[in-house]
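A.B. asks: After the structure tokens below, expect a handful of questions from me.
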Amino acid sequence: MSRPWRVAVVGGGIAGLAAAVRLRDRAPAGTEITVYEQSGALGGKLRTGELAGQPVEFGAESFLMRDPAGGESAAVTLIRRLGLAEKVVHPTVGQAALAVDGGLRPVPGGTLVGVPGDLERVATVAKPAADADRDGGRPLLGPDEDVAVGTLVRARLGDQVVDRLVDPMLGGVYAGRADDLSLATTMPALARAARVEHTLTGAVRAAQAAAPRAPGAPVFGTLAGGLSTLVEAAATASGATIRLHAAVRELTLTAEGWRLTVGPTRAPELVEADAVVLALPARPAARLLAPVTSEVATTIGGLDYASVALVTLALPDPELPALSGFLVPATEGLLIKASTFFTTKWGHLARPDGIALVRASVGRYGDETSLHLADPDLVATVHRELSGVLGVTLPAPLASHVQRWGGALPQYAPGHGDRIAAARTALRAAHPTLVLAGAGLDGVGIPVCVRSGETAAGEIIEALGGSGS
């Protein structure tokens, strides 16, 4: 007997919500979509809160406007689809700094995530190796080769370029270290160019030329009112049934599809679905996969994560430089690894009363002992270190907020892309109506997560045959 499709989306972060919207747009009319979220709120790492009477991001603060090919990013396309384009705002101050040698120095231009295309432009921050980047007569990488970012950059340009430029840039995004992170996953455009170019600076320039940006075009955007606006609009547009506090504890293959065991062990709910999108962090996804396919579960579950804390201070009339913020190399020995001057960077947040919102990020992969500090101690340490970097005594905060994100940022070891591709191929061959999505697989950032969720939805539609039955 004909009936609508039933699709379960497990995970209510932006990847899961993007999947739900795409399913609503392209699956047959009447498709029943249910989003299961273990916590009490949708959005994952997108969370807009309030401090000193003003909206402020307690998670991700912005999204890239362009995709790697130079077109509109998936986040911007989704925002247009949701009718939020008029809410997009851009930084009014774009210049950031590096905290090196006890002071602030502007981040040099012309780099790709800190990797320079012109060695002279980074000389004020880092001194390249004496024999840097000689042409060896062949491409830097083999056709399918992947290496750690730090391995390649240290060999070509020396330690200072890695420690003072590349490492803090990657640390600000991934809370990881250049010596551990995959080049192909974190800098795919540079990896592609390195398989052709004979020098690293040449590869940087080639990667930049492959995705040119119009002069003055904004790189980043956010939404007036906060990124939770995106979450709310996506949930509404999806038309999905939203289940909060609904942990999916077990996934079982049945003759007609899938059975989800939802809720507490003392009162489990059994739900039937024709297809499932797992838009979860790697380890929870692996736990659900284990009874279905142990091989894929082992691959997915091997991904590690870094934990971070975001400390936001509301400061009355502080002396702040005209910067969007600064990054801190690990070699400086500070607790904070990055700071954003919200009310300077984002003009729409500027306040007539002079109160400034300043956020600092704490926690690096493999060195997260600082996160054991109690909230008041973390706030005091961040306040003291900010004062030291800026060379002024900052006023006592009127209010503060500590947001802890345990296991928030995936760490992509070299070969990550190939391992995930193999796992997905195996899963698709055995169980085409069970699809994976999310940052743990495809990379961090709102556009990447949106694209991951949309791709998963497309695979579900294809697997179910393009029409309900």
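Ligands are numbered from 1 in the order shown, chains are lettered A, B, ... in the order of the structure tokens, and residues start at 1 in each chain.
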Determine, using only C-alpha atoms, which residues of region 187-295 of chain A have any atom at most 7 Å from an atom of region 423-443 of chain A, and tabulate each with its shortest atom pair and distance in Å to one decimal place, rows ordered by chain and then rising number, as CSV.

C.D. replies:
residue,atom,partner,partner_atom,distance
A:Ala275,CA,A:Thr433,CA,4.7
A:Val276,CA,A:Leu434,CA,5.0
A:Val277,CA,A:Val435,CA,4.9
A:Leu278,CA,A:Leu436,CA,4.9
A:Ala279,CA,A:Ala437,CA,4.7
A:Leu280,CA,A:Gly438,CA,6.3
A:Pro281,CA,A:Gly440,CA,5.8
A:Ala282,CA,A:Gly440,CA,5.6

A.B. asks: Per residue of region 52-78 of chain A within 12 Å of region 16-19 of chain A, what are the shortest atom pair and its distance in Å to one decimal, counting only C-alpha atoms, with rows by chain and residue number, as a tab-separated table?

C.D. replies:
residue	atom	partner	partner_atom	distance
A:Ala74	CA	A:Ala18	CA	9.8
A:Ala75	CA	A:Ala18	CA	9.4
A:Thr77	CA	A:Ala18	CA	11.0
A:Leu78	CA	A:Ala18	CA	7.9

A.B. asks: Output as a Markdown table one row per residue of region 232-327 of chain A within 6 Å of region 359-383 of chain A: the closest atom pair and its distance in Å to one decimal place, counting only C-alpha atoms, sorted by chain and residue number ascending.

C.D. replies:
| residue | atom | partner | partner_atom | distance |
| --- | --- | --- | --- | --- |
| A:Ala306 | CA | A:Tyr365 | CA | 4.8 |
| A:Val308 | CA | A:Gly363 | CA | 4.6 |
| A:Ala309 | CA | A:Val362 | CA | 5.2 |
| A:Leu310 | CA | A:Ser361 | CA | 4.7 |
| A:Val311 | CA | A:Ala360 | CA | 5.2 |
| A:Thr312 | CA | A:Arg359 | CA | 4.1 |

A.B. asks: Considering only C-alpha atoms, state which residue in the set A:Thr186, A:Val296, A:Pro318, A:Val10 is at the smallest distance from Thr393 (chain A).

C.D. replies: A:Pro318

A.B. asks: Need the shell around Gly172 (chain A): protein/DNA/RNA residues with any atom at most 7 Å away, counting only C-alpha atoms. Skip same-chain ones fewer than 4 positions apart. Format as a list in words?

C.D. replies: Pro168, Leu327, Lys337 and Ala338 of chain A

A.B. asks: Within 6 Å of region 109-125 of chain A, which residues of region 147-192 of chain A come that close, and what is the closest atom pair and distance in Å for each? Count only C-alpha atoms and give it as a Markdown table.

C.D. replies:
| residue | atom | partner | partner_atom | distance |
| --- | --- | --- | --- | --- |
| A:Leu165 | CA | A:Gly114 | CA | 4.9 |
| A:Val166 | CA | A:Gly114 | CA | 4.3 |
| A:Met169 | CA | A:Val113 | CA | 5.9 |

A.B. asks: Could those selected residues go to a file with C-alpha atoms, as a CSV table (one decimal), in the first residue's frame?

C.D. replies:
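Listed below is the output, selection.csv:
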chain,number,residue,atom,x,y,z
A,165,LEU,CA,51.7,31.9,11.5
A,166,VAL,CA,50.3,28.6,10.4
A,169,MET,CA,45.7,30.2,12.3

A.B. asks: According to DSSP computed on the backbone, where in region 110-301 of chain A is there strand (DSSP E)? Give the residues as a ChimeraX atom specification.

C.D. replies: /A:111-112,115-116,220-223,241-243,248-253,258-262,269-273,275-278
